[in-house]
Amino acid sequence: MVSDLTISESSNTKRLNDPVEMEKVRNQFPILNQIVNKRPLIYFDNAATTQKPICVLESIESYYKKDNSNVHRGIHTLSQRATDGYEGARARTAEYIGAQTNEIVFTRGTTEAINLVANAWGLDNLGPGDEILLTEMEHHSNMVPWQLIAKRTGSKVVYVPVCNDQGEIDESFLRQALTSGRVKIFSFTYISNTLGVVNPVAQWCELARQNGVISFVDAAQACGHRPMNVQEIGCDFLAMSGHKMAAPTGIGALFGRADVLESMSPYQGGGEMISEVTFEESYWNVVPHKFEAGTPNIAGAIGLAAAMDYLDDIGRDQIAEHDATLAAYAYDQLKRLDDIRILGPATGRAGVVSFSLKGAPTQDLITLADQRGIALRGGHHCNQPLMRKLGLDATARASFYLYNTTEEIDRMMVELRDILDFLRS
Ligand SMILES: *Cc1c(COP(=O)(O)O)cnc(C)c1O
């Protein structure tokens, strides 16, 4: 066993560091191999969505060509195959994060997972005087559902302050809030999509647990980028989005600790989530089916499982290392530009680098980069309150994935210098 592991690790190391192996990896992503505005495409918008490898595309095509049918209620062969594919994907997702299969609820993505908990858990467990603790670096998806539920329950949303451009949070505020007795749930991001900060999730979950506070980890930016185990993290809930981890759009997952899921009311009503229905009343199916009303995204779940196989074949530890290498390289190169402001920590960051350049409006910068075939994202990155607090209305963001290279960053730097000369002249 040990020698097997060593062999696979060393061959994996080569895959993202070695140019020949990297070429093979990139060939698995046909979309990367195209000319955009007369230049070879450089795709640096992976924090918004990642590209999908051939094996994922083929898993979806094969399902629709051979097995397509509705799940669970059918007895015929195709329906059984569809059910096996869908439930197999649930088991794969559980394995991917160290959960039990019945602790995985398929959703459209992170946003729906948060809305599910805010409603199904929040409506029953929050009231006047209660607080929902978030951080100021949350994505709008981890703010707005809680604001809505706070209004309906008379509870209050409280934010752990982000103190500076580096993304450091106010630790003493966090401690005071969690020990106040008022906070019922603490929901926070694993990796900030704006700052590239990686939060100490296990430590925060432990602090929450010691104080009887439910914890929710938004793992949208982390799930496809690093090994992850919900037992080690110690969270009650965790959410992920397939499309940010090489899988299709429209599929994601909520992990919920079995006893917490059991205690919750349904979120949406419909088929699949019931055990028995009369004209007056209905009885709920078991967890996790209780939370999956209607025909689910079967093909999406199958694509998600294929993506997990792909990522684990590359090695999530290798992907994390590759992200860190690219982020450090980009940070180092960008720092050399005059009058640049880079958000997030200098070291230990995820593969996300946001920056703004004096005398170069972000909108113009992104548009001119696109004209040279480089896909960056510009704007508030669904983090408007934080940007406002830091005195910015927009930043440009380069975000990386396993198929990006330092050569691409070099080309971005050449183009950025040229664009800056133009905008600042
Ligand atoms: C993208 C993202 C979300 C929302 O994910 P969806 O896939 O759009 O539902 C939430 N949180 C973070 C940190 C994100 O990056």
# chains A, B, ... in the order shown; residues from 1 in each chain; ligands from 1
call {"tool": "select_by_dssp", "arguments": {"residues": "region 337-407 of chain A", "states": "alpha helix (DSSP H)", "output": "PyMOL selection string"}}
result
chain A and resi 362-371+384-389+406-407
call {"tool": "residues_around", "arguments": {"residues": "Ala246 (chain A)", "least_positions_apart": "4", "cutoff": "10 Å", "atoms": "only C-alpha atoms", "output": "CSV table (one decimal) with N, CA and C atoms, in the first residue's frame"}}
result
chain,number,residue,atom,x,y,z
A,29,PHE,N,-8.9,19.5,-21.7
A,29,PHE,CA,-9.9,20.7,-21.6
A,29,PHE,C,-9.9,21.4,-23.0
A,46,ASN,N,-11.3,31.4,-13.1
A,46,ASN,CA,-11.7,30.1,-12.5
A,46,ASN,C,-12.4,30.2,-11.2
A,49,THR,N,-16.0,30.3,-12.6
A,49,THR,CA,-16.4,28.9,-12.9
A,49,THR,C,-15.1,28.3,-13.6
A,50,THR,N,-15.0,27.0,-13.4
A,50,THR,CA,-13.8,26.3,-14.0
A,50,THR,C,-14.3,25.6,-15.3
A,51,GLN,N,-13.3,25.2,-16.1
A,51,GLN,CA,-13.6,24.5,-17.3
A,51,GLN,C,-13.7,23.0,-17.0
A,52,LYS,N,-14.3,22.2,-17.9
A,52,LYS,CA,-14.6,20.8,-17.7
A,52,LYS,C,-13.8,19.9,-18.6
A,53,PRO,N,-13.2,18.9,-18.0
A,53,PRO,CA,-12.4,17.9,-18.8
A,53,PRO,C,-13.3,17.0,-19.6
A,56,VAL,N,-15.5,14.3,-18.0
A,56,VAL,CA,-16.8,14.8,-17.4
A,56,VAL,C,-17.8,15.0,-18.5
A,57,LEU,N,-17.4,15.6,-19.6
A,57,LEU,CA,-18.3,15.8,-20.7
A,57,LEU,C,-18.8,14.5,-21.2
A,224,GLY,N,-12.8,22.1,-5.0
A,224,GLY,CA,-12.1,21.5,-6.1
A,224,GLY,C,-10.6,21.7,-6.1
A,241,SER,N,-20.1,23.8,-4.9
A,241,SER,CA,-20.6,24.0,-6.3
A,241,SER,C,-19.8,23.2,-7.3
A,242,GLY,N,-20.6,22.4,-8.0
A,242,GLY,CA,-19.9,21.5,-9.0
A,242,GLY,C,-19.1,22.3,-10.1
A,303,GLY,N,-22.0,13.8,-13.7
A,303,GLY,CA,-20.8,14.7,-14.1
A,303,GLY,C,-20.0,15.1,-12.9
A,304,LEU,N,-20.7,15.4,-11.8
A,304,LEU,CA,-19.9,15.8,-10.6
A,304,LEU,C,-19.0,14.6,-10.1
A,306,ALA,N,-17.8,12.2,-11.8
A,306,ALA,CA,-16.7,12.1,-12.8
A,306,ALA,C,-15.6,13.1,-12.5
A,307,ALA,N,-16.1,14.3,-12.2
A,307,ALA,CA,-15.1,15.4,-11.9
A,307,ALA,C,-14.3,15.1,-10.7
A,308,MET,N,-15.0,14.5,-9.7
A,308,MET,CA,-14.3,14.1,-8.4
A,308,MET,C,-13.2,13.1,-8.7
A,310,TYR,N,-11.7,12.6,-11.5
A,310,TYR,CA,-10.6,13.3,-12.3
A,310,TYR,C,-9.7,14.1,-11.3
A,311,LEU,N,-10.3,14.8,-10.4
A,311,LEU,CA,-9.5,15.7,-9.5
A,311,LEU,C,-8.6,14.8,-8.6
A,401,TYR,N,-6.4,27.6,-12.0
A,401,TYR,CA,-6.8,26.3,-11.7
A,401,TYR,C,-5.7,25.3,-12.2
A,402,LEU,N,-5.9,24.1,-12.1
A,402,LEU,CA,-4.9,23.1,-12.3
A,402,LEU,C,-4.2,23.2,-13.7
call {"tool": "closest_residue", "arguments": {"among": "A:Arg411, A:Arg349, A:Arg316, A:His140", "to": "ligand 1", "atoms": "only C-alpha atoms and all ligand atoms"}}
result
A:His140
call {"tool": "residues_around", "arguments": {"residues": "Glu23 (chain A)", "least_positions_apart": "6", "cutoff": "10 Å", "atoms": "only C-alpha atoms", "output": "list in words"}}
result
Arg15, Leu16 and Tyr403 of chain A
call {"tool": "closest_residue", "arguments": {"among": "A:Thr111, A:Thr153, A:Gln166, A:Thr83", "to": "ligand 1", "atoms": "only C-alpha atoms and all ligand atoms"}}
result
A:Thr111
call {"tool": "atom_distance", "arguments": {"atom1": "CA of Gly234 (chain A)", "atom2": "CA of Glu206 (chain A)"}}
result
6.7 Å
call {"tool": "residues_near_ligand", "arguments": {"ligand": "ligand 1", "cutoff": "6 Å", "atoms": "only C-alpha atoms and all ligand atoms", "output": "PyMOL selection string"}}
result
chain A and resi 48+109-111+139+141+189+192-193+218+220-221+241
call {"tool": "write_last_selection", "arguments": {"atoms": "C-alpha atoms", "output": "mmCIF file, in the first residue's frame"}}
result
data_model
loop_
_atom_site.group_PDB
_atom_site.id
_atom_site.type_symbol
_atom_site.label_atom_id
_atom_site.label_comp_id
_atom_site.auth_asym_id
_atom_site.auth_seq_id
_atom_site.Cartn_x
_atom_site.Cartn_y
_atom_site.Cartn_z
ATOM 1 C CA ALA A 48 -16.247 32.329 -11.272
ATOM 2 C CA GLY A 109 -24.896 24.719 -5.974
ATOM 3 C CA THR A 110 -23.612 26.586 -2.948
ATOM 4 C CA THR A 111 -26.273 29.288 -3.160
ATOM 5 C CA HIS A 139 -19.961 36.101 -0.941
ATOM 6 C CA SER A 141 -24.710 34.038 -1.477
ATOM 7 C CA THR A 189 -16.238 30.983 3.712
ATOM 8 C CA SER A 192 -12.502 34.136 -0.020
ATOM 9 C CA ASN A 193 -13.238 34.570 -3.722
ATOM 10 C CA ASP A 218 -19.002 27.773 2.377
ATOM 11 C CA ALA A 220 -17.350 26.902 -3.022
ATOM 12 C CA GLN A 221 -13.755 28.019 -3.643
ATOM 13 C CA SER A 241 -20.622 24.031 -6.255
#
